[in-house]
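**Q** This is the structure I have questions about; it appears just below.
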Amino acid sequence: MGNKTFFRNRYVCIIIFIILLITGAGCKYDDQILLPSTSCDTLIVTYSATVLPILNTHCRLCHSGPNANNGIRVDDYASVRQLVTNGKLLGTITHSPGFSPMPQGSKLSECNIAKIREWIARGALNN
Ligand code: HEC
């Protein structure tokens with residue numbers, strides 16, 4: 001039995017074809033899994049729909065009301081705007097040197113940081 005006979009066999013060809021199909025489909029599947037995790041939508045960012053919900057979820061517990069930590073409040077626009085102006089909002093959430101890293105003990109997702117950064121870049125509007 002030489003190599004020629006082996007590769008001429010139709011069944012072997014069909015099996016190889018099926019294997020190629022399966023591995024091809026496997027690659028496509030990987031692409032689909034990778035896409036959503038790398039995309040971060042910063043096209044539409046507003047104070048009310050984007051920034052406030054992030055601050056409410058990750059900062060409000062320690063930074064709202066008259067007993068807010070360090071007197072820092074993130075529960076009204078004027079206070080947040082002040083943190084934008086003095087650089088403390090971006091400094092703390094990006095864990096930049098010279099700022100206390102916030103939220104205490106963790107870090108916002110890169111996507112949430114990108115959204116806040118984009119909102120600031122567009123003028124930190126009360127929108
Ligand atoms: C578990 C409580 C807690 C959470 C959650 C938290 N903070 Fe703080 N934060 C503190 C405390 C306590 C201080 C004061 C001590 C310090 O500076 O580390 C502080 C200080 C700060 C300061 C002043 C830091 C400086 O360098 O002057 C800013 C600004 C701030 N927080 C913003 C935030 C933001 C924005 C979030 C959410 C992304 C957040 N914090 C989440 C407890 C918290």
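Residues are referred to by chain and number: the chain letter is A, B, ... according to the order shown in the structure tokens, the number counts from 1 in that chain, and ligands are numbered separately from 1 in the order shown.
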Using only C-alpha atoms and all ligand atoms, which residues have at least one atom no more than 7 Å from ligand 1? Output them as JSON, numbers by chain.

**A** {"A": [55, 58, 59, 60, 61, 62, 63, 69, 70, 72, 74, 83, 88, 89, 92, 93, 98, 99, 100, 102, 103, 104, 108]}

**Q** Hey, what's within 10 Å of Val45 in chain A if we count only C-alpha atoms and toss same-chain stuff fewer than 2 positions away? As a ChimeraX atom specification, please?

**A** /A:41-43,47-51,115-120,122,124-125,127

**Q** For a test of reading the model, state the distance in Å between CA of Asn67 in chain A and CA of Gly123 in chain A, rounded to one decimal.

**A**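 Pair CA of Asn67 in chain A / CA of Gly123 in chain A returns 29.0 Å.
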
**Q** Which value, in Å to one decimal, gives the distance between CA of Cys111 in chain A and CA of Ala78 in chain A?

**A**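 Taking CA of Cys111 in chain A and CA of Ala78 in chain A, their separation equals 24.1 Å.
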
**Q** Please indicate the distance in Å from CA of Ala121 in chain A to CA of Gly87 in chain A, rounded to one decimal place.

**A**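 Separation of CA of Ala121 in chain A and CA of Gly87 in chain A: 12.2 Å.
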